[in-house]
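Below is entry-v9.txt, which holds compact mmCIF, C-alpha atoms and all ligand atoms.
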```txt
# COMPACT_ATOMS: atom_id res chain seq x y z
CA MET A 284 2.69 72.92 -11.35
CA ARG A 285 0.48 76.01 -11.39
CA LEU A 286 2.01 79.49 -11.33
CA ASP A 287 0.06 82.71 -10.78
CA TYR A 288 1.38 86.25 -11.18
CA LEU A 289 -0.24 89.23 -9.47
CA SER A 290 0.91 92.51 -10.97
CA ILE A 291 -0.31 95.91 -12.11
CA PHE A 292 1.49 95.15 -15.41
CA PRO A 293 0.30 91.64 -16.33
CA ALA A 294 1.47 92.16 -19.94
CA TYR A 295 5.02 91.55 -18.64
CA PHE A 296 4.08 87.88 -18.51
CA ASP A 297 3.16 87.61 -22.20
CA VAL A 298 6.69 86.31 -22.76
CA LEU A 299 5.80 83.13 -20.89
CA ASP A 300 4.31 81.89 -24.18
CA ILE A 301 7.77 81.92 -25.80
CA SER A 302 10.44 79.25 -26.07
CA LEU A 303 10.71 76.25 -23.75
CA LEU A 304 8.41 77.74 -21.09
CA GLY A 305 5.67 78.20 -23.67
CA LYS A 306 6.23 74.63 -24.83
CA ALA A 307 6.00 73.36 -21.23
CA ALA A 308 2.63 75.12 -20.91
CA VAL A 309 1.36 73.68 -24.20
CA ASN A 310 2.47 70.21 -23.07
CA GLY A 311 0.61 70.61 -19.78
CA LEU A 312 3.74 70.45 -17.60
CA VAL A 313 2.95 73.89 -16.13
CA GLU A 314 -0.05 76.19 -16.04
CA MET A 315 0.67 79.92 -15.85
CA HIS A 316 -1.83 82.72 -15.19
CA ALA A 317 -1.12 86.46 -15.02
CA HIS A 318 -3.64 88.66 -13.16
CA ASP A 319 -4.12 92.43 -13.06
CA LEU A 320 -4.13 93.50 -9.40
CA ARG A 321 -6.31 96.47 -10.36
CA ASP A 322 -9.16 94.03 -11.05
CA TRP A 323 -9.52 93.88 -7.24
CA THR A 324 -9.93 97.64 -6.75
CA HIS A 325 -13.30 99.36 -6.41
CA ASP A 326 -12.72 103.03 -7.13
CA ARG A 327 -12.91 104.90 -10.42
CA HIS A 328 -9.11 105.29 -10.62
CA ARG A 329 -8.44 101.64 -9.75
CA THR A 330 -6.07 102.78 -7.00
CA VAL A 331 -3.50 100.30 -5.65
CA ASP A 332 -1.19 102.69 -3.75
CA ASP A 333 -1.22 105.24 -0.98
CA THR A 334 1.27 107.41 0.92
CA PRO A 335 3.58 105.68 3.43
CA CYS A 336 2.51 105.66 7.09
CA GLY A 337 5.18 107.59 8.96
CA GLY A 338 5.93 109.80 5.96
CA GLY A 339 8.69 109.67 3.39
CA ALA A 340 9.04 109.63 -0.37
CA GLY A 341 7.14 107.43 -2.78
CA MET A 342 4.01 105.34 -2.48
CA VAL A 343 3.19 101.98 -0.89
CA MET A 344 0.89 99.30 -2.32
CA LYS A 345 -2.33 99.10 -0.31
CA PRO A 346 -3.21 95.76 1.30
CA ASN A 347 -6.89 95.63 0.26
CA PRO A 348 -6.53 94.60 -3.43
CA TRP A 349 -3.94 91.97 -2.49
CA GLY A 350 -6.25 90.43 0.11
CA GLU A 351 -9.18 90.18 -2.28
CA ALA A 352 -6.95 88.81 -5.05
CA PHE A 353 -5.64 86.12 -2.66
CA ASP A 354 -9.21 85.18 -1.69
CA ASP A 355 -10.13 84.67 -5.36
CA ILE A 356 -6.92 83.13 -6.66
CA ILE A 357 -5.75 81.00 -3.71
CA GLY A 358 -8.77 80.84 -1.40
CA THR A 359 -9.39 81.61 2.23
CA GLU A 360 -8.10 78.38 3.80
CA PRO A 361 -4.57 77.94 5.15
CA ASP A 362 -2.53 75.58 2.96
CA LEU A 363 1.23 75.28 3.41
CA SER A 364 1.59 73.55 0.05
CA VAL A 365 0.92 76.92 -1.62
CA HIS A 366 4.13 78.95 -1.97
CA VAL A 367 3.68 82.72 -2.17
CA MET A 368 6.73 84.59 -3.45
CA PHE A 369 7.41 88.26 -2.73
CA PRO A 370 10.35 89.46 -4.82
CA THR A 371 12.08 92.26 -2.89
CA PRO A 372 15.64 93.60 -2.63
CA SER A 373 15.42 92.99 1.13
CA GLY A 374 14.63 89.29 0.68
CA ALA A 375 16.94 86.30 0.99
CA PRO A 376 19.10 85.88 -2.14
CA PHE A 377 17.39 83.50 -4.59
CA THR A 378 19.69 80.56 -5.29
CA GLN A 379 19.87 77.42 -7.41
CA SER A 380 19.08 75.30 -4.35
CA ALA A 381 15.94 77.39 -3.71
CA ALA A 382 14.98 76.84 -7.37
CA GLN A 383 15.55 73.10 -6.91
CA GLU A 384 13.27 72.98 -3.85
CA LEU A 385 10.51 74.96 -5.56
CA SER A 386 10.65 72.76 -8.66
CA SER A 387 8.72 70.03 -6.83
CA VAL A 388 5.88 72.17 -5.44
CA GLU A 389 2.35 72.20 -6.88
CA ARG A 390 1.50 75.88 -6.61
CA ILE A 391 3.47 79.15 -6.65
CA VAL A 392 1.92 82.64 -6.54
CA PHE A 393 4.17 85.61 -7.36
CA CYS A 394 3.28 89.00 -5.85
CA CYS A 395 4.98 91.70 -7.88
CA GLY A 396 5.58 94.90 -5.98
CA ARG A 397 5.82 98.37 -7.55
CA TYR A 398 6.41 101.84 -6.11
CA GLU A 399 8.29 101.55 -2.77
CA GLY A 400 6.87 98.08 -2.20
CA ILE A 401 3.89 96.30 -0.64
CA ASP A 402 2.28 97.03 2.77
CA HIS A 403 4.04 94.54 5.05
CA ARG A 404 0.76 93.18 6.43
CA VAL A 405 0.19 91.48 3.06
CA ILE A 406 3.36 89.44 3.63
CA ASP A 407 2.43 88.74 7.26
CA TYR A 408 -1.02 87.58 6.15
CA ALA A 409 0.41 85.32 3.41
CA ARG A 410 2.84 83.85 5.94
CA SER A 411 -0.04 83.11 8.33
CA MET A 412 -1.89 81.21 5.57
CA TRP A 413 0.62 79.73 3.15
CA THR A 414 4.37 79.25 2.74
CA ALA A 415 5.62 82.75 2.05
CA HIS A 416 9.08 83.69 0.76
CA GLU A 417 10.69 87.13 0.43
CA VAL A 418 13.41 86.69 -2.18
CA SER A 419 15.93 88.98 -3.83
CA LEU A 420 17.30 88.59 -7.31
CA GLY A 421 20.49 90.44 -6.40
CA ASP A 422 21.92 93.49 -4.72
CA TYR A 423 20.35 96.08 -6.99
CA VAL A 424 16.93 97.71 -7.27
CA LEU A 425 14.50 96.99 -10.11
CA ASN A 426 11.38 99.04 -10.85
CA GLY A 427 9.09 96.14 -10.04
CA GLY A 428 8.88 92.48 -9.14
CA GLU A 429 7.84 91.29 -12.61
CA VAL A 430 11.35 90.72 -14.00
CA ALA A 431 12.31 88.94 -10.78
CA ALA A 432 9.21 86.71 -11.01
CA LEU A 433 10.08 85.83 -14.60
CA ALA A 434 13.69 85.02 -13.71
CA ILE A 435 12.60 82.83 -10.80
CA THR A 436 10.02 81.11 -13.03
CA GLU A 437 12.70 80.15 -15.57
CA ALA A 438 15.08 78.93 -12.88
CA VAL A 439 12.36 76.80 -11.25
CA VAL A 440 10.44 75.46 -14.24
CA ARG A 441 13.51 74.24 -16.15
CA LEU A 442 14.14 71.93 -13.15
CA VAL A 443 10.63 70.41 -13.24
CA PRO A 444 11.06 66.77 -14.28
CA GLY A 445 10.15 66.42 -17.96
CA PHE A 446 11.01 70.03 -18.87
CA MET A 447 14.46 69.34 -20.34
CA GLY A 448 14.71 67.07 -23.36
CA ASN A 449 18.09 65.94 -22.00
CA PRO A 450 18.04 66.08 -18.18
CA GLY A 451 21.80 65.40 -18.23
CA SER A 452 22.36 69.01 -19.24
CA LEU A 453 21.03 70.13 -15.84
CA ALA A 454 23.46 67.97 -13.88
CA GLU A 455 26.63 69.75 -15.00
CA GLU A 456 25.53 73.37 -14.84
CA SER A 457 26.93 76.11 -12.64
CA PHE A 458 26.02 75.63 -8.95
CA SER A 459 24.75 72.07 -9.55
CA ALA A 460 25.83 68.97 -7.61
CA GLY A 461 27.49 67.53 -10.73
CA GLN A 462 29.53 70.73 -10.89
CA GLU A 463 30.43 70.40 -7.18
CA GLY A 464 28.64 73.71 -6.55
CA MET A 465 31.16 75.58 -8.73
CA LEU A 466 30.75 77.79 -11.80
CA GLU A 467 30.72 76.04 -15.15
CA TYR A 468 33.93 75.69 -17.18
CA PRO A 469 34.27 77.57 -20.54
CA LEU A 470 32.41 76.00 -23.48
CA PHE A 471 33.54 75.54 -27.11
CA THR A 472 32.13 74.05 -30.30
CA ARG A 473 33.30 73.79 -33.92
CA PRO A 474 35.05 75.21 -35.94
CA VAL A 475 38.28 74.34 -34.12
CA SER A 476 39.93 77.59 -35.36
CA TRP A 477 37.96 80.83 -35.46
CA ARG A 478 39.36 84.32 -36.09
CA GLY A 479 42.74 83.31 -34.70
CA PHE A 480 41.34 81.66 -31.57
CA ASP A 481 41.58 77.88 -31.17
CA VAL A 482 39.58 75.39 -29.12
CA PRO A 483 41.88 74.18 -26.28
CA GLU A 484 43.78 71.17 -27.64
CA VAL A 485 42.78 68.93 -24.72
CA LEU A 486 39.09 69.18 -25.67
CA MET A 487 39.88 67.72 -29.11
CA SER A 488 42.08 64.93 -27.68
CA GLY A 489 39.26 62.44 -27.11
CA HIS A 490 40.92 61.64 -23.77
CA HIS A 491 37.99 61.65 -21.31
CA GLY A 492 40.16 61.72 -18.17
CA ARG A 493 42.21 64.72 -19.33
CA ILE A 494 39.07 66.54 -20.50
CA ALA A 495 37.35 65.99 -17.15
CA LYS A 496 40.44 67.23 -15.30
CA TRP A 497 40.73 70.34 -17.52
CA ARG A 498 37.05 71.18 -16.93
CA ARG A 499 37.35 70.68 -13.16
CA ASP A 500 40.47 72.88 -13.03
CA GLU A 501 38.83 75.62 -15.12
CA SER A 502 35.70 75.51 -12.94
CA ALA A 503 37.82 75.84 -9.82
CA ARG A 504 39.86 78.69 -11.33
CA LEU A 505 36.78 80.67 -12.41
CA THR A 506 35.00 80.09 -9.11
CA ARG A 507 38.08 81.15 -7.13
CA GLU A 508 38.50 84.29 -9.26
CA ARG A 509 34.88 85.37 -9.57
CA ARG A 510 32.92 83.82 -6.71
CA PRO A 511 35.22 83.00 -3.78
CA ASP A 512 32.08 83.16 -1.58
CA LEU A 513 30.94 79.82 -3.05
CA GLY A 514 33.62 77.89 -1.14
CA ASP A 515 37.27 76.90 -1.03
CA PHE A 516 38.26 75.88 -4.55
CA GLY A 517 41.99 76.31 -4.14
CA SER A 518 42.72 72.66 -4.85
CA GLY A 519 39.99 72.27 -7.44
CA ILE A 520 38.01 70.17 -4.97
CA ARG A 521 35.29 71.64 -2.80
CA HIS A 522 35.88 71.04 0.93
N1 LIG B 1 11.80 100.47 -1.66
C1 LIG B 1 12.38 99.21 -2.02
C2 LIG B 1 13.73 99.05 -1.33
O1 LIG B 1 14.41 100.05 -1.11
O2 LIG B 1 14.12 97.91 -1.04
C3 LIG B 1 12.55 99.08 -3.52
C4 LIG B 1 11.25 99.00 -4.24
S1 LIG B 1 11.42 98.64 -5.96
C5 LIG B 1 11.50 100.21 -6.66
C6 LIG B 1 9.82 98.08 -6.41
C7 LIG B 1 9.64 96.57 -6.43
O3 LIG B 1 10.57 96.00 -7.33
C8 LIG B 1 9.85 95.83 -5.13
O4 LIG B 1 8.71 95.88 -4.30
C9 LIG B 1 10.14 94.43 -5.62
O5 LIG B 1 8.94 93.74 -5.90
C10 LIG B 1 10.87 94.67 -6.93
N2 LIG B 1 12.33 94.54 -6.83
C11 LIG B 1 13.23 95.53 -6.95
N3 LIG B 1 14.48 95.09 -6.84
C12 LIG B 1 14.40 93.76 -6.65
C13 LIG B 1 15.36 92.75 -6.45
N4 LIG B 1 16.67 92.99 -6.41
N5 LIG B 1 14.93 91.49 -6.28
C14 LIG B 1 13.61 91.21 -6.30
N6 LIG B 1 12.65 92.14 -6.48
C15 LIG B 1 13.03 93.40 -6.65
```
What does the file become when written as structure tokens?
Amino acid sequence: MRLDYLSIFPAYFDVLDISLLGKAAVNGLVEMHAHDLRDWTHDRHRTVDDTPCGGGAGMVMKPNPWGEAFDDIIGTEPDLSVHVMFPTPSGAPFTQSAAQELSSVERIVFCCGRYEGIDHRVIDYARSMWTAHEVSLGDYVLNGGEVAALAITEAVVRLVPGFMGNPGSLAEESFSAGQEGMLEYPLFTRPVSWRGFDVPEVLMSGHHGRIAKWRRDESARLTRERRPDLGDFGSGIRH
């Protein structure tokens, strides 16, 4: 999988060298390239923004540098196998199932907005050429799309086959099929007693059936309490 990041702050992506993502790059599982959008400007000030048509506060990212960057990084031919991501608060919420779908694609290009956002024709153009997605990280506003692109990268790349040393750990995570789409149950490790708090007795019982039931019940309880929007978990079983 190849991932490209277009941003006016490409240094944000230096962290991709760290931890498991960095290891995946060294091992050749993924290839990641950060680009400075200003490299595709032609004026002395390397301008990427202009005032909004129709008036209003703030600035809007001009389409020209994006178009030229696309030509150089992706090419000028339509290709639906290329996925172009536009992080934006007005996008569809990014979910685990979206991460799962993207984990099998060959090419993702992240377009990181700044200021009030990107001229909408850039998105229309990308949609006419490639598979374009407008995605939101959550119902809040960040300063730019870089943090969202990094979060999406982690969510996607950890699902690429070969990324996890133990793929079993993916199966039982929050939102996963093995977790019946629910939140994960609370986790514990040794020591059994710590500062007056004990590991629940059932987890030390060695009784696999009771442990599985306790985890299912806890998942259902947490999901009901915190994320009732994920489904009906009243009985502990998703309907
Ligand atoms: N004017 C925009 C609005 O009201 O929706 C907010 C622009 S925000 C200051 C600048 C950039 O940050 C956006 O273009 C987008 O790339 C990114 N961004 C901000 N919040 C985001 C979120 N919740 N999810 C994904 N990207 C976000």
Taking only C-alpha atoms and all ligand atoms into account, which residues are within 9 Å of ligand LIG 1 (chain B), as a PyMOL selection string?
chain A and resi 341+343-344+369-374+376-377+394-401+417-432
Report the distance between CA of Glu508 in chain A and CA of Ser452 in chain A in Å, rounded to one decimal place.
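Separating CA of Glu508 in chain A from CA of Ser452 in chain A is a distance of 24.4 Å.
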Spatial neighbours of range 486-495 of chain A, max dist 9 Å, all atoms listed in the file, sep filter under 4 positions, as number ranges by chain:
A: 471, 475, 482, 499-500
Two-atom distance - CA of Ile391 in chain A, CA of Met412 in chain A (Å):
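Computing the Euclidean distance for CA of Ile391 in chain A and CA of Met412 in chain A yields 13.5 Å.
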Nearest residue to Thr436 in chain A from the set A:Tyr468, A:Trp477, A:Trp497, A:Phe393 (distances using only C-alpha atoms):
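Result for the nearest residue to Thr436 in chain A: A:Phe393.
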Can you tell me which residues surround Arg441 in chain A at a distance of at most 9 Å, considering only C-alpha atoms, apart from same-chain residues fewer than 3 positions away, and format the answer as a list of chain:residue names?
A:Leu303, A:Leu304, A:Ser386, A:Thr436, A:Glu437, A:Ala438, A:Pro444, A:Gly445, A:Phe446, A:Met447, A:Leu453
May I have a table of the residues of range 344-454 of chain A lying at most 9 Å from range 309-328 of chain A, giving each one's closest pair of atoms and their distance in Å to one decimal, counting all atoms listed in the file, ordered by chain and ascending residue number, as a Markdown table?
```
| residue | atom | partner | partner_atom | distance |
| --- | --- | --- | --- | --- |
| A:Asn347 | CA | A:Thr324 | CA | 7.9 |
| A:Pro348 | CA | A:Trp323 | CA | 4.9 |
| A:Trp349 | CA | A:Leu320 | CA | 7.1 |
| A:Gly350 | CA | A:Trp323 | CA | 8.8 |
| A:Glu351 | CA | A:Trp323 | CA | 6.2 |
| A:Ala352 | CA | A:Trp323 | CA | 6.1 |
| A:Val440 | CA | A:Val313 | CA | 7.9 |
| A:Val443 | CA | A:Leu312 | CA | 8.2 |
| A:Pro444 | CA | A:Leu312 | CA | 8.8 |
| A:Gly445 | CA | A:Leu312 | CA | 7.6 |
| A:Phe446 | CA | A:Leu312 | CA | 7.4 |
```
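For the residues A:Asn449, A:Ser502, A:Ser380, A:Ser290, ranking by smallest atom-to-atom distance to Leu470 in chain A using only C-alpha atoms places A:Ser502 first.
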Given only C-alpha atoms as the basis, pick out the residue of A:Arg285, A:Arg404, A:Arg410, A:Arg478 nearest to Leu363 in chain A.
A:Arg410
Report, in Å with one decimal, the straight-line distance from CA of Ser364 in chain A to CA of Phe292 in chain A.
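CA of Phe292 in chain A lies at a distance of 26.6 Å from CA of Ser364 in chain A.
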Nearby residues (all atoms listed in the file) at most 9 Å from Leu299 in chain A, same-chain spacing under 6 positions excluded, as a ChimeraX atom specification
/A:305,308,315,433
Residue neighbourhood Pro469 in chain A, 10 Å, all atoms listed in the file, exclusion window fewer than 6 positions, as a count of residues only:
4
Between A:Val367, A:Ala375, A:Ile301, A:Val331, which residue has the minimum interatomic distance to Ile406 in chain A, considering only C-alpha atoms?
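Among the listed residues, the smallest separation from Ile406 in chain A belongs to A:Val367.
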Quick test: take range 418-449 of chain A, keep N, CA and C atoms, and write it as an mmCIF file, in the first residue's frame.
```cif
data_model
loop_
_atom_site.group_PDB
_atom_site.id
_atom_site.type_symbol
_atom_site.label_atom_id
_atom_site.label_comp_id
_atom_site.auth_asym_id
_atom_site.auth_seq_id
_atom_site.Cartn_x
_atom_site.Cartn_y
_atom_site.Cartn_z
ATOM 1 N N VAL A 418 -14.260 12.676 4.836
ATOM 2 C CA VAL A 418 -14.450 11.948 6.092
ATOM 3 C C VAL A 418 -14.173 12.840 7.299
ATOM 4 N N SER A 419 -14.957 12.626 8.336
ATOM 5 C CA SER A 419 -14.788 13.389 9.572
ATOM 6 C C SER A 419 -14.261 12.474 10.670
ATOM 7 N N LEU A 420 -13.384 13.058 11.477
ATOM 8 C CA LEU A 420 -12.852 12.298 12.604
ATOM 9 C C LEU A 420 -13.814 12.342 13.786
ATOM 10 N N GLY A 421 -14.674 13.339 13.828
ATOM 11 C CA GLY A 421 -15.604 13.467 14.945
ATOM 12 C C GLY A 421 -16.252 14.830 14.905
ATOM 13 N N ASP A 422 -17.189 15.036 15.800
ATOM 14 C CA ASP A 422 -17.956 16.285 15.794
ATOM 15 C C ASP A 422 -17.232 17.381 16.568
ATOM 16 N N TYR A 423 -16.105 17.771 16.054
ATOM 17 C CA TYR A 423 -15.320 18.877 16.617
ATOM 18 C C TYR A 423 -14.451 19.403 15.484
ATOM 19 N N VAL A 424 -13.866 20.588 15.685
ATOM 20 C CA VAL A 424 -13.095 21.200 14.594
ATOM 21 C C VAL A 424 -11.614 21.272 14.968
ATOM 22 N N LEU A 425 -10.786 20.670 14.120
ATOM 23 C CA LEU A 425 -9.329 20.725 14.271
ATOM 24 C C LEU A 425 -8.802 21.902 13.460
ATOM 25 N N ASN A 426 -7.528 22.238 13.644
ATOM 26 C CA ASN A 426 -6.940 23.331 12.864
ATOM 27 C C ASN A 426 -6.642 22.916 11.433
ATOM 28 N N GLY A 427 -6.408 21.612 11.245
ATOM 29 C CA GLY A 427 -6.042 21.142 9.912
ATOM 30 C C GLY A 427 -6.296 19.658 9.780
ATOM 31 N N GLY A 428 -6.152 19.161 8.551
ATOM 32 C CA GLY A 428 -6.458 17.760 8.286
ATOM 33 C C GLY A 428 -5.340 16.794 8.629
ATOM 34 N N GLU A 429 -4.174 17.314 9.085
ATOM 35 C CA GLU A 429 -3.018 16.432 9.288
ATOM 36 C C GLU A 429 -3.269 15.398 10.383
ATOM 37 N N VAL A 430 -3.796 15.854 11.523
ATOM 38 C CA VAL A 430 -4.031 14.927 12.642
ATOM 39 C C VAL A 430 -5.065 13.875 12.229
ATOM 40 N N ALA A 431 -6.070 14.315 11.472
ATOM 41 C CA ALA A 431 -7.080 13.357 10.995
ATOM 42 C C ALA A 431 -6.439 12.340 10.055
ATOM 43 N N ALA A 432 -5.560 12.810 9.161
ATOM 44 C CA ALA A 432 -4.907 11.888 8.219
ATOM 45 C C ALA A 432 -4.048 10.875 8.976
ATOM 46 N N LEU A 433 -3.377 11.335 10.022
ATOM 47 C CA LEU A 433 -2.551 10.413 10.814
ATOM 48 C C LEU A 433 -3.421 9.384 11.531
ATOM 49 N N ALA A 434 -4.533 9.843 12.094
ATOM 50 C CA ALA A 434 -5.421 8.918 12.811
ATOM 51 C C ALA A 434 -5.980 7.869 11.845
ATOM 52 N N ILE A 435 -6.393 8.331 10.674
ATOM 53 C CA ILE A 435 -6.953 7.393 9.681
ATOM 54 C C ILE A 435 -5.870 6.419 9.229
ATOM 55 N N THR A 436 -4.650 6.928 9.044
ATOM 56 C CA THR A 436 -3.538 6.055 8.635
ATOM 57 C C THR A 436 -3.348 4.928 9.646
ATOM 58 N N GLU A 437 -3.322 5.270 10.933
ATOM 59 C CA GLU A 437 -3.113 4.219 11.952
ATOM 60 C C GLU A 437 -4.241 3.203 11.920
ATOM 61 N N ALA A 438 -5.474 3.720 11.822
ATOM 62 C CA ALA A 438 -6.633 2.812 11.838
ATOM 63 C C ALA A 438 -6.602 1.864 10.642
ATOM 64 N N VAL A 439 -6.155 2.370 9.491
ATOM 65 C CA VAL A 439 -6.158 1.562 8.263
ATOM 66 C C VAL A 439 -4.963 0.595 8.242
ATOM 67 N N VAL A 440 -3.769 1.145 8.484
ATOM 68 C CA VAL A 440 -2.563 0.351 8.254
ATOM 69 C C VAL A 440 -2.457 -0.816 9.246
ATOM 70 N N ARG A 441 -2.958 -0.640 10.469
ATOM 71 C CA ARG A 441 -2.865 -1.747 11.428
ATOM 72 C C ARG A 441 -3.742 -2.923 11.002
ATOM 73 N N LEU A 442 -4.668 -2.692 10.019
ATOM 74 C CA LEU A 442 -5.511 -3.777 9.527
ATOM 75 C C LEU A 442 -4.939 -4.425 8.263
ATOM 76 N N VAL A 443 -3.847 -3.859 7.725
ATOM 77 C CA VAL A 443 -3.228 -4.460 6.532
ATOM 78 C C VAL A 443 -2.649 -5.815 6.945
ATOM 79 N N PRO A 444 -3.010 -6.881 6.203
ATOM 80 C CA PRO A 444 -2.494 -8.198 6.567
ATOM 81 C C PRO A 444 -0.965 -8.183 6.682
ATOM 82 N N GLY A 445 -0.454 -8.728 7.782
ATOM 83 C CA GLY A 445 0.987 -8.762 8.004
ATOM 84 C C GLY A 445 1.463 -7.678 8.947
ATOM 85 N N PHE A 446 0.584 -6.682 9.240
ATOM 86 C CA PHE A 446 1.008 -5.570 10.105
ATOM 87 C C PHE A 446 1.134 -6.023 11.554
ATOM 88 N N MET A 447 0.140 -6.753 12.033
ATOM 89 C CA MET A 447 0.106 -7.192 13.431
ATOM 90 C C MET A 447 0.867 -8.506 13.586
ATOM 91 N N GLY A 448 1.752 -8.544 14.571
ATOM 92 C CA GLY A 448 2.451 -9.797 14.870
ATOM 93 C C GLY A 448 1.441 -10.889 15.182
ATOM 94 N N ASN A 449 0.413 -10.551 15.968
ATOM 95 C CA ASN A 449 -0.629 -11.505 16.333
ATOM 96 C C ASN A 449 -1.972 -10.989 15.819
#
```
